[in-house]
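> run37.cif (mmCIF, C-alpha atoms) pasted underneath:
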```cif
data_final
loop_
_atom_site.label_atom_id
_atom_site.label_comp_id
_atom_site.auth_asym_id
_atom_site.auth_seq_id
_atom_site.Cartn_x
_atom_site.Cartn_y
_atom_site.Cartn_z
CA MET A 1287 0.00 0.00 0.00
CA GLU A 1288 1.32 3.41 -0.99
CA PRO A 1289 1.73 5.96 1.83
CA ALA A 1290 -0.64 8.93 1.68
CA GLU A 1291 1.84 11.64 2.60
CA PRO A 1292 4.68 12.82 0.36
CA ALA A 1293 8.06 11.23 1.03
CA PRO A 1294 10.38 13.15 3.37
CA PHE A 1295 12.81 13.43 0.43
CA PHE A 1296 10.16 15.27 -1.61
CA LEU A 1297 9.42 17.61 1.29
CA ALA A 1298 13.14 18.36 1.73
CA GLN A 1299 13.36 19.26 -1.98
CA ALA A 1300 10.08 21.22 -2.19
CA ALA A 1301 11.77 24.60 -2.76
CA ARG A 1302 13.70 23.13 -5.70
CA VAL A 1303 10.50 21.64 -7.13
CA ARG A 1304 8.73 25.01 -6.88
CA GLU A 1305 11.66 26.78 -8.57
CA ALA A 1306 11.90 24.13 -11.32
CA SER A 1307 8.16 24.40 -12.01
CA LEU A 1308 8.86 27.83 -13.53
CA ARG A 1309 10.70 26.02 -16.38
CA GLY A 1310 7.76 23.77 -17.34
CA VAL A 1311 5.27 21.28 -16.00
CA VAL A 1312 6.13 18.96 -13.15
CA CYS A 1313 5.70 15.37 -14.29
CA ASP A 1314 5.08 12.62 -11.72
CA LEU A 1315 5.93 9.30 -13.37
CA ALA A 1316 4.17 6.14 -12.19
CA THR A 1317 2.19 8.42 -9.93
CA GLY A 1318 -0.03 5.76 -8.35
CA ARG A 1319 -2.57 7.59 -6.22
CA GLY A 1320 -0.66 10.82 -6.76
CA ARG A 1321 0.76 11.76 -3.38
CA HIS A 1322 3.68 13.61 -5.01
CA ALA A 1323 1.60 15.02 -7.87
CA LEU A 1324 -0.80 16.57 -5.35
CA ALA A 1325 2.06 17.86 -3.20
CA ALA A 1326 3.73 19.49 -6.22
CA ALA A 1327 0.42 21.06 -7.30
CA GLY A 1328 0.06 22.33 -3.73
CA LEU A 1329 3.31 24.24 -4.30
CA GLY A 1330 1.64 26.04 -7.20
CA ALA A 1331 3.05 23.86 -9.99
CA ARG A 1332 1.17 22.68 -13.05
CA VAL A 1333 1.43 18.87 -12.85
CA VAL A 1334 1.07 16.00 -15.28
CA ALA A 1335 0.61 12.71 -13.43
CA ILE A 1336 1.26 9.57 -15.49
CA ASP A 1337 0.29 6.02 -14.55
CA ARG A 1338 -1.13 2.92 -16.23
CA SER A 1339 -3.87 2.43 -13.63
CA ARG A 1340 -7.14 3.98 -14.76
CA GLU A 1341 -8.59 3.56 -11.25
CA ALA A 1342 -5.67 5.31 -9.51
CA LEU A 1343 -5.80 8.19 -12.03
CA ARG A 1344 -9.56 8.60 -11.53
CA GLU A 1345 -9.03 8.80 -7.78
CA LEU A 1346 -6.19 11.29 -8.25
CA ALA A 1347 -8.23 13.49 -10.61
CA ALA A 1348 -11.11 13.58 -8.12
CA ARG A 1349 -8.79 14.51 -5.23
CA ALA A 1350 -7.10 17.21 -7.31
CA ALA A 1351 -10.46 18.67 -8.40
CA SER A 1352 -11.79 18.68 -4.84
CA HIS A 1353 -8.77 20.77 -3.76
CA ALA A 1354 -8.72 22.93 -6.94
CA LEU A 1355 -5.21 21.72 -7.80
CA ALA A 1356 -3.77 21.86 -11.33
CA VAL A 1357 -3.13 18.16 -11.99
CA SER A 1358 -3.67 16.53 -15.39
CA ALA A 1359 -3.95 12.75 -15.18
CA LEU A 1360 -2.51 10.90 -18.19
CA ARG A 1361 -2.86 7.15 -18.66
CA ALA A 1362 0.20 5.49 -20.20
CA ASP A 1363 2.29 2.38 -19.66
CA LEU A 1364 5.82 3.65 -19.07
CA GLU A 1365 7.28 0.14 -19.43
CA THR A 1366 6.98 0.13 -23.22
CA PRO A 1367 9.29 1.32 -26.02
CA HIS A 1368 7.08 4.42 -26.38
CA GLY A 1369 8.74 6.14 -23.41
CA ILE A 1370 7.15 9.21 -21.85
CA PRO A 1371 4.25 10.73 -23.80
CA LEU A 1372 5.47 14.33 -23.41
CA ARG A 1373 7.47 16.69 -25.63
CA PRO A 1374 11.25 16.68 -25.15
CA GLY A 1375 12.38 19.57 -22.97
CA SER A 1376 8.87 20.26 -21.65
CA CYS A 1377 9.29 19.34 -17.99
CA GLY A 1378 10.59 21.72 -15.37
CA ALA A 1379 10.79 18.76 -12.98
CA ILE A 1380 10.27 15.03 -13.12
CA LEU A 1381 9.36 13.08 -9.99
CA VAL A 1382 9.91 9.32 -9.74
CA PHE A 1383 9.12 7.54 -6.46
CA ARG A 1384 9.05 3.77 -5.92
CA PHE A 1385 9.33 2.94 -9.62
CA LEU A 1386 12.20 1.55 -11.64
CA PHE A 1387 12.31 0.84 -15.35
CA ARG A 1388 15.91 1.35 -16.37
CA PRO A 1389 15.26 1.83 -20.13
CA LEU A 1390 13.25 4.96 -19.27
CA ALA A 1391 16.30 6.87 -17.96
CA ARG A 1392 17.19 8.39 -21.34
CA ALA A 1393 13.59 9.53 -21.96
CA ILE A 1394 13.51 11.13 -18.51
CA VAL A 1395 16.58 13.21 -19.32
CA GLU A 1396 15.18 14.13 -22.74
CA CYS A 1397 11.89 15.35 -21.24
CA LEU A 1398 13.64 17.67 -18.77
CA ALA A 1399 13.96 21.30 -19.81
CA PRO A 1400 17.45 22.82 -19.60
CA GLY A 1401 17.96 23.49 -15.89
CA GLY A 1402 15.13 21.05 -15.07
CA LEU A 1403 15.09 19.00 -11.88
CA LEU A 1404 14.91 15.24 -11.40
CA LEU A 1405 13.83 13.85 -8.02
CA TYR A 1406 14.15 10.08 -7.88
CA GLU A 1407 13.67 7.73 -4.94
CA THR A 1408 13.35 3.98 -5.13
CA PHE A 1409 14.43 0.72 -3.54
CA THR A 1410 17.92 -0.77 -3.50
CA LEU A 1411 18.94 -4.44 -3.44
CA GLN A 1412 19.22 -4.22 0.36
CA GLN A 1413 15.40 -4.11 0.49
CA ARG A 1414 15.44 -7.89 -0.01
CA GLU A 1415 16.66 -8.17 3.61
CA ALA A 1416 13.34 -6.76 4.86
CA PRO A 1417 10.28 -9.04 5.19
CA TYR A 1418 8.26 -6.60 3.01
CA GLY A 1419 8.65 -4.61 -0.17
CA PRO A 1420 9.89 -5.64 -3.61
CA LYS A 1421 12.24 -8.61 -3.96
CA ASN A 1422 12.68 -8.82 -7.75
CA PRO A 1423 16.13 -7.46 -8.71
CA ALA A 1424 14.59 -5.88 -11.83
CA PHE A 1425 12.96 -3.37 -9.44
CA LEU A 1426 15.94 -2.88 -7.11
CA LEU A 1427 18.99 -0.69 -7.63
CA GLU A 1428 22.58 -1.83 -7.29
CA PRO A 1429 24.84 0.35 -5.10
CA GLY A 1430 25.60 3.61 -6.95
CA GLU A 1431 23.33 2.68 -9.87
CA LEU A 1432 20.86 5.56 -9.59
CA ALA A 1433 23.54 8.24 -9.98
CA ALA A 1434 25.11 6.22 -12.82
CA LEU A 1435 21.78 6.04 -14.70
CA PHE A 1436 21.71 9.83 -14.75
CA ALA A 1437 25.45 10.53 -15.12
CA GLY A 1438 24.80 13.42 -17.54
CA LEU A 1439 22.93 15.40 -14.89
CA GLU A 1440 24.43 17.64 -12.22
CA ILE A 1441 23.96 15.86 -8.89
CA LEU A 1442 22.55 18.18 -6.22
CA SER A 1443 21.90 15.49 -3.60
CA SER A 1444 22.41 11.73 -3.53
CA SER A 1445 22.10 9.14 -0.79
CA GLU A 1446 21.51 5.45 -0.22
CA GLY A 1447 20.59 3.56 2.91
CA TRP A 1448 17.92 2.47 5.33
CA THR A 1449 15.20 4.83 6.47
CA ALA A 1450 14.39 5.16 10.16
CA GLY A 1451 11.05 4.31 11.70
CA PRO A 1452 8.83 1.33 12.39
CA ARG A 1453 9.04 0.07 8.78
CA PRO A 1454 12.57 0.77 7.51
CA GLU A 1455 13.18 0.73 3.76
CA ALA A 1456 16.42 0.53 1.76
CA LEU A 1457 16.25 3.49 -0.61
CA ALA A 1458 18.39 5.39 -3.06
CA ARG A 1459 17.61 9.09 -3.51
CA LEU A 1460 18.78 11.51 -6.18
CA ALA A 1461 18.14 15.18 -6.82
CA ALA A 1462 19.80 16.24 -10.06
CA ARG A 1463 19.62 19.10 -12.55
CA LYS A 1464 19.87 18.99 -16.34
CA PRO A 1465 22.65 21.26 -17.55
CA GLY A 1466 21.45 24.54 -18.96
CA PRO A 1467 20.46 28.04 -17.95
#
```
Will you turn the file into structure tokens for me?


Amino acid sequence: MEPAEPAPFFLAQAARVREASLRGVVCDLATGRGRHALAAAGLGARVVAIDRSREALRELAARAASHALAVSALRADLETPHGIPLRPGSCGAILVFRFLFRPLARAIVECLAPGGLLLYETFTLQQREAPYGPKNPAFLLEPGELAALFAGLEILSSSEGWTAGPRPEALARLAARKPGP
């Protein structure tokens, strides 16, 4: 079950997301129920939330409308050769939380506007040590892999490790900027 509140990493980067939203839309990839899409819209950003689940997008659209937030829900399967259904250079920021499809990395960079921000947080191989969460290595990052996938971006913040709390998770986090003005 997806948490309802935005991730602490998103909250720590909120000022950067707001600033990046001046360069173009904020795109939340594999948005699920849209916790980060709604949080970005709450910062005043125009948001495009992409997911393959029609039900999750309907729920997100209803929540956005009830709070008068600027979120466009777009149904697409990101795990296809079609990539991201947005114009290259159109995104001021791209948000990716708890999703990993390595072939999409190039399309993510292409969709970022010059100076655009990427916030990425997902599980590492260490997550297999926990009795919950994903176990398939296709959905788990190797040590240092997240930064390597986006080597052409300027790294603003990067970390890997276990979260604190009653349900620790092994996560990699990256905040990076596309070179440009």

> Could you tell me, as an MDAnalysis selection string, exactly which residues end up selected when the PyMOL selection byres ((chain A and resi 1412) around 12) is applied to this structure?

chainID A and resid 1408:1411 1413:1423 1425:1429 1446:1449 1454:1458

> Which residue is closest to A:Ser1358? Choose from A:Leu1442, A:Val1382, A:Val1311, A:Leu1403 and count all atoms listed in the file.

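Smallest separation from A:Ser1358 among the options: A:Val1311.
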
> Record the distance separating atom CA of A:Gly1466 and atom CA of A:Leu1364, expressed in Å with one decimal.

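Atom CA of A:Gly1466 sits 26.1 Å away from atom CA of A:Leu1364.
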
> In Å to one decimal, how far is atom CA of A:Ala1300 from atom CA of A:Pro1371?

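Atom CA of A:Pro1371 sits 24.7 Å away from atom CA of A:Ala1300.
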
> Hey, what comes out of the PyMOL selection byres ((chain A and resi 1464) around 6) on this file? Could you write it as a PDB file with C-alpha atoms, in the frame of the given file?


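Once written, part.pdb looks like this:
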```
ATOM      1  CA  PRO A1400      17.450  22.820 -19.600  1.00  0.00           C
ATOM      2  CA  GLY A1401      17.960  23.490 -15.890  1.00  0.00           C
ATOM      3  CA  GLY A1402      15.130  21.050 -15.070  1.00  0.00           C
ATOM      4  CA  LEU A1439      22.930  15.400 -14.890  1.00  0.00           C
ATOM      5  CA  ARG A1463      19.620  19.100 -12.550  1.00  0.00           C
ATOM      6  CA  PRO A1465      22.650  21.260 -17.550  1.00  0.00           C
TER       7      PRO A1465
END
```

> Considering all atoms listed in the file, state which residue in the set A:Ala1399, A:Ala1354, A:Ala1391, A:Ala1379 is at the smallest distance from A:Glu1305.

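Among the listed residues, A:Ala1379 lies closest to A:Glu1305.
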
> Using only C-alpha atoms, which protein or nucleic acid residues come within 12 Å of A:Asp1363? Drop anything in the same chain fewer than 4 positions from it, and give the result as number ranges by chain.

A: 1315-1317, 1336-1340, 1367-1371, 1387, 1390

> Starting from the displayed file, determine the output of the PyMOL selection byres ((chain A and resi 1320) around 9) and express the residue list as a list of chain:residue names.

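With the PyMOL selection byres ((chain A and resi 1320) around 9) on this model, the match is A:Ala1290, A:Asp1314, A:Ala1316, A:Thr1317, A:Gly1318, A:Arg1319, A:Arg1321, A:His1322, A:Ala1323, A:Leu1324, A:Ala1325, A:Ala1335, A:Ala1342, A:Leu1343, A:Glu1345, A:Leu1346, A:Ala1347.
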